[in-house]
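File shown: upload.txt. Contents: compact mmCIF, C-alpha atoms.
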```txt
# COMPACT_ATOMS: atom_id res chain seq x y z
CA MET A 173 0.00 0.00 0.00
CA ASP A 174 1.40 3.39 -0.97
CA TYR A 175 -1.16 5.35 1.08
CA VAL A 176 0.33 7.60 3.76
CA LYS A 177 -1.72 8.19 6.91
CA PRO A 178 -2.76 11.77 7.80
CA SER A 179 -0.60 11.87 10.94
CA GLU A 180 2.45 10.97 8.81
CA VAL A 181 1.40 13.52 6.21
CA LEU A 182 1.51 16.21 8.89
CA ASP A 183 5.06 15.21 9.84
CA SER A 184 6.03 15.39 6.15
CA MET A 185 4.44 18.83 5.81
CA ILE A 186 6.55 20.14 8.67
CA GLU A 187 9.73 18.57 7.27
CA VAL A 188 9.07 19.90 3.77
CA GLY A 189 8.40 23.36 5.20
CA LYS A 190 11.69 23.23 7.10
CA ASN A 191 13.62 22.18 3.98
CA LYS A 192 12.05 24.93 1.87
CA ALA A 193 13.04 27.55 4.45
CA GLU A 194 16.68 26.44 4.22
CA LEU A 195 17.07 26.86 0.44
CA SER A 196 19.55 29.44 -0.85
CA ILE A 197 18.44 32.66 -2.55
CA MET A 198 19.65 31.36 -5.92
CA GLN A 199 17.68 28.15 -5.52
CA LEU A 200 14.56 30.07 -4.53
CA LEU A 201 14.84 32.41 -7.52
CA VAL A 202 15.46 29.65 -10.04
CA ARG A 203 12.83 27.30 -8.65
CA GLY A 204 10.36 30.18 -8.32
CA SER A 205 10.99 31.33 -11.90
CA LEU A 206 10.48 27.85 -13.31
CA GLY A 207 7.40 27.34 -11.15
CA GLY A 208 5.86 30.61 -12.36
CA ALA A 209 6.61 29.94 -16.03
CA ILE A 210 5.25 26.38 -15.90
CA LEU A 211 2.03 27.50 -14.20
CA ALA A 212 1.65 30.28 -16.79
CA CYS A 213 2.07 27.71 -19.56
CA ALA A 214 -0.59 25.51 -17.97
CA THR A 215 -2.88 28.55 -17.83
CA THR A 216 -2.62 29.17 -21.57
CA LEU A 217 -3.20 25.45 -22.17
CA ALA A 218 -6.40 25.66 -20.12
CA PHE A 219 -7.56 28.81 -21.91
CA THR A 220 -6.82 27.25 -25.30
CA ALA A 221 -8.75 24.08 -24.46
CA ALA A 222 -11.71 26.10 -23.20
CA ALA A 223 -11.72 28.22 -26.36
CA GLN A 224 -11.48 25.21 -28.69
CA THR A 225 -14.20 23.18 -26.99
CA LYS A 226 -16.40 26.07 -25.80
CA ILE A 227 -16.50 24.21 -22.48
CA PRO A 228 -14.56 26.04 -19.72
CA MET A 229 -14.47 22.94 -17.51
CA VAL A 230 -12.28 21.18 -20.08
CA GLY A 231 -9.64 23.83 -19.43
CA ALA A 232 -9.98 23.23 -15.69
CA LEU A 233 -9.48 19.51 -16.24
CA LEU A 234 -6.16 20.19 -17.99
CA PHE A 235 -4.79 23.02 -15.84
CA PRO A 236 -3.44 20.75 -13.04
CA VAL A 237 -0.68 19.48 -15.38
CA GLY A 238 1.33 22.58 -14.43
CA PHE A 239 0.94 22.03 -10.70
CA VAL A 240 1.89 18.36 -11.08
CA MET A 241 5.10 19.25 -12.93
CA ILE A 242 6.05 21.81 -10.29
CA ILE A 243 5.53 19.42 -7.37
CA LEU A 244 7.16 16.37 -8.95
CA LEU A 245 10.22 18.39 -9.99
CA GLY A 246 10.61 19.92 -6.53
CA LEU A 247 10.16 23.48 -7.78
CA GLU A 248 8.74 26.35 -5.73
CA LEU A 249 5.17 27.61 -5.62
CA VAL A 250 4.75 30.23 -2.91
CA THR A 251 1.05 29.54 -2.51
CA GLY A 252 1.74 25.93 -1.60
CA SER A 253 4.42 27.01 0.86
CA PHE A 254 1.87 29.16 2.69
CA ALA A 255 0.56 25.98 4.34
CA LEU A 256 3.91 24.26 4.89
CA ILE A 257 6.54 26.69 6.17
CA PRO A 258 4.30 28.27 8.86
CA LEU A 259 3.90 24.81 10.39
CA ALA A 260 7.68 24.42 10.50
CA VAL A 261 7.81 27.78 12.31
CA LEU A 262 5.07 26.63 14.69
CA GLU A 263 7.07 23.49 15.49
CA LYS A 264 10.26 25.61 15.90
CA LYS A 265 11.95 23.82 13.00
CA THR A 266 12.70 27.15 11.32
CA THR A 267 12.28 30.88 11.95
CA VAL A 268 9.89 33.59 10.81
CA ARG A 269 12.84 35.33 9.14
CA ARG A 270 13.63 32.28 7.03
CA MET A 271 9.97 31.88 6.14
CA LEU A 272 9.65 35.47 4.94
CA ASN A 273 12.95 35.12 3.06
CA ASN A 274 11.49 32.15 1.18
CA PHE A 275 8.26 33.99 0.35
CA LEU A 276 10.09 37.11 -0.89
CA TRP A 277 12.55 35.42 -3.24
CA VAL A 278 10.07 32.88 -4.57
CA ILE A 279 7.57 35.65 -5.37
CA LEU A 280 10.29 37.57 -7.21
CA GLY A 281 11.12 34.38 -9.08
CA HIS A 282 7.46 33.90 -10.01
CA LEU A 283 7.25 37.44 -11.35
CA LEU A 284 10.36 36.88 -13.47
CA GLY A 285 9.23 33.52 -14.84
CA CYS A 286 5.71 34.74 -15.59
CA ALA A 287 7.03 37.89 -17.28
CA VAL A 288 9.36 35.93 -19.56
CA TYR A 289 6.61 33.52 -20.56
CA ALA A 290 4.15 36.40 -21.03
CA VAL A 291 6.49 38.11 -23.51
CA LEU A 292 7.22 34.90 -25.41
CA TYR A 293 3.56 33.89 -25.54
CA ALA A 294 2.43 37.37 -26.62
CA LEU A 295 4.95 37.28 -29.47
CA THR A 296 3.71 33.83 -30.43
CA ILE A 297 -0.03 34.54 -30.61
CA THR A 298 0.50 37.90 -32.35
CA LYS A 299 3.01 36.43 -34.83
CA MET A 300 5.74 38.75 -33.60
CA GLY A 301 3.32 41.64 -33.22
CA THR A 302 2.00 41.54 -36.80
CA ASP A 303 -1.37 39.81 -36.34
CA MET A 304 -3.95 40.59 -33.66
CA SER A 305 -6.65 38.24 -34.94
CA ASN A 306 -5.93 35.25 -32.66
CA PRO A 307 -9.00 34.78 -30.40
CA MET A 308 -6.71 34.07 -27.45
CA ILE A 309 -5.72 37.74 -27.49
CA GLN A 310 -9.22 38.89 -26.58
CA THR A 311 -9.55 36.04 -24.08
CA LEU A 312 -6.49 37.27 -22.19
CA ILE A 313 -7.54 40.92 -22.40
CA THR A 314 -10.96 40.06 -21.01
CA ALA A 315 -9.44 37.94 -18.24
CA SER A 316 -6.98 40.68 -17.30
CA GLU A 317 -9.71 43.30 -17.03
CA GLY A 318 -12.04 40.90 -15.24
CA LYS A 319 -9.42 40.31 -12.54
CA THR A 320 -8.84 44.01 -11.90
CA ILE A 321 -11.28 46.57 -13.32
CA ALA A 322 -14.31 44.43 -12.49
CA TYR A 323 -13.38 44.46 -8.78
CA LYS A 324 -12.50 48.15 -8.91
CA HIS A 325 -16.01 49.00 -10.13
CA LEU A 326 -17.46 47.26 -7.07
CA GLY A 327 -15.38 49.38 -4.68
CA GLY A 328 -15.13 48.02 -1.13
CA ASP A 329 -17.29 45.01 -1.97
CA GLY A 330 -14.92 44.22 -4.82
CA MET A 331 -11.92 44.28 -2.48
CA LEU A 332 -13.63 41.92 -0.05
CA LEU A 333 -14.77 39.67 -2.90
CA VAL A 334 -11.29 39.27 -4.36
CA ILE A 335 -9.83 38.42 -0.94
CA ILE A 336 -12.53 35.79 -0.32
CA LYS A 337 -11.97 34.23 -3.75
CA ALA A 338 -8.23 34.17 -3.04
CA MET A 339 -8.78 32.47 0.32
CA LEU A 340 -10.96 29.78 -1.26
CA CYS A 341 -8.44 29.34 -4.05
CA ASN A 342 -5.48 28.68 -1.83
CA TRP A 343 -7.43 26.38 0.44
CA MET A 344 -7.60 24.09 -2.59
CA VAL A 345 -4.09 24.81 -3.89
CA THR A 346 -2.47 24.02 -0.54
CA LEU A 347 -4.60 20.88 -0.30
CA GLY A 348 -3.02 19.93 -3.62
CA ALA A 349 0.46 20.29 -2.10
CA VAL A 350 -0.62 18.27 0.94
CA MET A 351 -2.42 15.59 -1.08
CA ALA A 352 0.86 14.93 -2.93
CA LEU A 353 2.21 13.69 0.40
CA THR A 354 -0.60 11.15 0.85
CA SER A 355 0.95 8.69 -1.61
CA LYS A 356 4.39 7.16 -2.14
CA SER A 357 3.83 6.39 -5.83
CA THR A 358 4.08 8.88 -8.69
CA SER A 359 0.67 7.92 -10.09
CA GLY A 360 -0.92 8.22 -6.66
CA LYS A 361 0.60 11.66 -6.13
CA ILE A 362 -0.61 12.88 -9.53
CA LEU A 363 -4.19 11.73 -8.98
CA ALA A 364 -4.31 13.13 -5.45
CA MET A 365 -2.96 16.52 -6.54
CA TRP A 366 -5.28 16.76 -9.53
CA LEU A 367 -8.50 16.84 -7.50
CA PRO A 368 -8.17 20.10 -5.49
CA ILE A 369 -6.39 21.97 -8.31
CA LEU A 370 -9.22 21.14 -10.70
CA THR A 371 -11.65 22.31 -8.02
CA PHE A 372 -10.08 25.77 -7.67
CA PHE A 373 -9.54 26.49 -11.36
CA GLY A 374 -12.95 25.23 -12.42
CA GLN A 375 -14.66 27.74 -10.12
CA GLY A 376 -12.68 30.79 -11.15
CA PHE A 377 -11.04 31.53 -7.81
CA GLU A 378 -8.07 33.93 -7.60
CA HIS A 379 -4.50 32.58 -7.59
CA THR A 380 -1.68 35.07 -7.27
CA VAL A 381 0.84 33.22 -9.48
CA VAL A 382 -1.66 32.60 -12.28
CA ASN A 383 -2.53 36.30 -12.12
CA MET A 384 1.16 37.24 -12.34
CA PHE A 385 0.89 35.97 -15.90
CA VAL A 386 -2.71 36.69 -16.93
CA ILE A 387 -2.85 40.35 -15.91
CA PRO A 388 0.53 41.48 -17.35
CA VAL A 389 0.08 39.61 -20.63
CA GLY A 390 -3.37 41.16 -20.97
CA MET A 391 -1.79 44.58 -20.41
CA MET A 392 0.82 43.84 -23.09
CA LEU A 393 -1.96 42.94 -25.52
CA GLY A 394 -3.98 46.11 -24.89
CA ALA A 395 -6.12 45.56 -21.78
CA ASN A 396 -7.35 48.77 -20.13
CA VAL A 397 -5.47 47.96 -16.92
CA THR A 398 -2.81 50.05 -15.20
CA PHE A 399 0.02 48.87 -12.96
CA ALA A 400 -1.86 50.35 -9.99
CA ASP A 401 -5.05 48.49 -10.98
CA TRP A 402 -3.09 45.24 -11.06
CA TRP A 403 -1.56 45.53 -7.59
CA ILE A 404 -4.30 47.42 -5.71
CA TRP A 405 -7.24 45.40 -6.99
CA ASN A 406 -5.60 42.02 -7.44
CA GLY A 407 -1.89 41.61 -6.70
CA ILE A 408 -1.82 42.59 -3.01
CA PRO A 409 -5.32 41.48 -1.91
CA VAL A 410 -4.97 38.13 -3.69
CA LEU A 411 -1.60 37.54 -2.07
CA VAL A 412 -3.12 38.31 1.33
CA GLY A 413 -6.14 36.10 0.67
CA ASN A 414 -3.98 33.25 -0.60
CA PHE A 415 -1.85 33.44 2.55
CA ILE A 416 -4.89 33.40 4.86
CA GLY A 417 -6.49 30.50 3.02
CA GLY A 418 -3.31 28.45 2.99
CA VAL A 419 -2.10 29.00 6.53
CA VAL A 420 -5.52 28.85 8.21
CA PHE A 421 -7.77 26.51 6.19
CA THR A 422 -5.09 23.95 5.40
CA GLY A 423 -2.04 24.50 7.61
CA ILE A 424 -3.46 25.28 11.04
CA LEU A 425 -6.75 23.39 10.80
CA PHE A 426 -5.07 20.22 9.49
CA TYR A 427 -2.45 20.56 12.21
CA LEU A 428 -5.16 20.79 14.87
CA SER A 429 -7.00 17.83 13.37
CA GLN A 430 -3.96 15.58 13.83
CA ARG A 431 -2.34 16.80 17.06
CA SER A 432 -3.78 15.22 20.21
CA PHE A 433 -3.55 17.83 22.97
CA LYS A 434 -5.65 15.74 25.36
CA THR A 435 -2.97 13.05 25.38
CA GLY A 436 -0.37 15.62 26.37
CA ARG A 437 -2.49 16.84 29.27
CA ALA A 438 -3.22 13.28 30.40
CA SER A 439 0.49 12.43 30.40
CA ALA A 440 1.22 15.53 32.46
CA ALA A 441 -1.40 14.52 35.00
CA ILE A 442 0.12 11.04 35.36
CA THR A 443 3.56 12.53 35.90
CA ILE A 444 2.40 14.90 38.60
CA SER A 445 0.22 12.50 40.54
CA PRO A 446 3.05 10.50 42.26
CA SER A 447 4.53 13.65 43.78
CA VAL A 448 1.13 14.70 44.98
CA LEU A 449 0.68 11.33 46.64
CA GLU A 450 4.07 11.58 48.35
CA LYS A 451 3.22 14.99 49.76
CA SER A 452 -0.14 13.80 50.98
CA SER A 453 1.47 10.85 52.80
```

Please lay out the structure from this file as structure tokens.
Amino acid sequence: MDYVKPSEVLDSMIEVGKNKAELSIMQLLVRGSLGGAILACATTLAFTAAAQTKIPMVGALLFPVGFVMIILLGLELVTGSFALIPLAVLEKKTTVRRMLNNFLWVILGHLLGCAVYAVLYALTITKMGTDMSNPMIQTLITASEGKTIAYKHLGGDGMLLVIIKAMLCNWMVTLGAVMALTSKSTSGKILAMWLPILTFFGQGFEHTVVNMFVIPVGMMLGANVTFADWWIWNGIPVLVGNFIGGVVFTGILFYLSQRSFKTGRASAAITISPSVLEKSS
């Protein structure tokens, strides 16, 4: 049996979080860049499939290929780390400083990888800037504006909405990272990861790394989105929402579901009772 029990999964989560926090800056940048570019490529695959079939769910079915490649190759995805490294900090296996160091450099790597892929993909679908007839161009423009301007028009409600969608998104994304630890076989890991990633993408939740590609490439292609629109109405709130969803819904709640605090208190009571008896005698 290649199934790993939940209590063992928790131990693996903490160990993985510790190892991620100890990576060098160069490793974080390279792994983050590759992770961002691969996820961006999976996003265009999903959009292409949805456009060809006219069935958006087909794109959602295919999107997890990017996440699978990232996890199996040991690359970095900051959203997945939001559920892992905080647990290592909680267990005193690493420090807050190391955790924030990981988040910072991986995010910078994601931005670099997504930007490079965005430029290359934009050149591809526009035939080096000479043809704007590819339907994917309008798809990306619409997506870019829908992830920024649409929330801006809703004002405060839009800000709250984007944060909620980001929280729900990373609940599923971090479950994908955790589910990969529930199996010892490659096929088992792939199937386990696929389920929550399909769930998030199929419902249109907000993922910061996907948006690091979709919004900039839409801007390159002519979307009516400014740099401020990107970061105020998507970049920062989605990052915050992704962190909350990952650390709370997956990290902390799964930790609490597997740690038996009653046992610890019972053991303490047994240890104390002999001394109490001695004093009483």

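Coordinates place CA of Leu347 (chain A) at a distance of 6.3 Å from CA of Pro368 (chain A).
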
Practice item. Compile the contact shell of Gly301 (chain A) as a list in words: residues with an atom at most 12 Å away, counting all atoms listed in the file, same-chain residues fewer than 5 positions apart removed. Key: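 In the requested format, the answer is Val291, Leu292, Tyr293, Ala294, Leu295, Thr296, Asn306, Ile309, Met392, Leu393 and Gly394 of chain A.
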
Exercise for review: Can you pull out every residue within 12 Å of Ala218 (chain A), counting all atoms listed in the file, but drop anything in the same chain fewer than 2 positions away, and send it as a PyMOL selection string?
Suggested key: chain A and resi 211-216+220-238+308+311-312+370+373-374+382

For the residues in that selection, give me C-alpha atoms as a JSON list (two decimals), in the frame of the given file.
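Result file part04.json:
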```
[["chain", "number", "residue", "atom", "x", "y", "z"],
["A", 211, "LEU", "CA", 2.03, 27.50, -14.20],
["A", 212, "ALA", "CA", 1.65, 30.28, -16.79],
["A", 213, "CYS", "CA", 2.07, 27.71, -19.56],
["A", 214, "ALA", "CA", -0.59, 25.51, -17.97],
["A", 215, "THR", "CA", -2.88, 28.55, -17.83],
["A", 216, "THR", "CA", -2.62, 29.17, -21.57],
["A", 220, "THR", "CA", -6.82, 27.25, -25.30],
["A", 221, "ALA", "CA", -8.75, 24.08, -24.46],
["A", 222, "ALA", "CA", -11.71, 26.10, -23.20],
["A", 223, "ALA", "CA", -11.72, 28.22, -26.36],
["A", 224, "GLN", "CA", -11.48, 25.21, -28.69],
["A", 225, "THR", "CA", -14.20, 23.18, -26.99],
["A", 226, "LYS", "CA", -16.40, 26.07, -25.80],
["A", 227, "ILE", "CA", -16.50, 24.21, -22.48],
["A", 228, "PRO", "CA", -14.56, 26.04, -19.72],
["A", 229, "MET", "CA", -14.47, 22.94, -17.51],
["A", 230, "VAL", "CA", -12.28, 21.18, -20.08],
["A", 231, "GLY", "CA", -9.64, 23.83, -19.43],
["A", 232, "ALA", "CA", -9.98, 23.23, -15.69],
["A", 233, "LEU", "CA", -9.48, 19.51, -16.24],
["A", 234, "LEU", "CA", -6.16, 20.19, -17.99],
["A", 235, "PHE", "CA", -4.79, 23.02, -15.84],
["A", 236, "PRO", "CA", -3.44, 20.75, -13.04],
["A", 237, "VAL", "CA", -0.68, 19.48, -15.38],
["A", 238, "GLY", "CA", 1.33, 22.58, -14.43],
["A", 308, "MET", "CA", -6.71, 34.07, -27.45],
["A", 311, "THR", "CA", -9.55, 36.04, -24.08],
["A", 312, "LEU", "CA", -6.49, 37.27, -22.19],
["A", 370, "LEU", "CA", -9.22, 21.14, -10.70],
["A", 373, "PHE", "CA", -9.54, 26.49, -11.36],
["A", 374, "GLY", "CA", -12.95, 25.23, -12.42],
["A", 382, "VAL", "CA", -1.66, 32.60, -12.28]]
```

Revision key, fill the gap. The residue from A:Met331, A:Leu256, A:Met198, A:Met304 with the smallest atom-to-atom distance to Val278 (chain A), counting all atoms listed in the file, is A:Met198

Review point. What gap, in Å, lies between CA of Leu284 (chain A) and CA of Leu200 (chain A)?
Key: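 Taking CA of Leu284 (chain A) as the start and CA of Leu200 (chain A) as the end point, the length is 12.0 Å.
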
Practice item. Kindly indicate which residue among A:Ser179, A:Leu245, A:Ala193, A:Leu217 lies nearest to Thr358 (chain A), using only C-alpha atoms for the distances. Key: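 Ranked by minimum distance to Thr358 (chain A), first place goes to A:Leu245.
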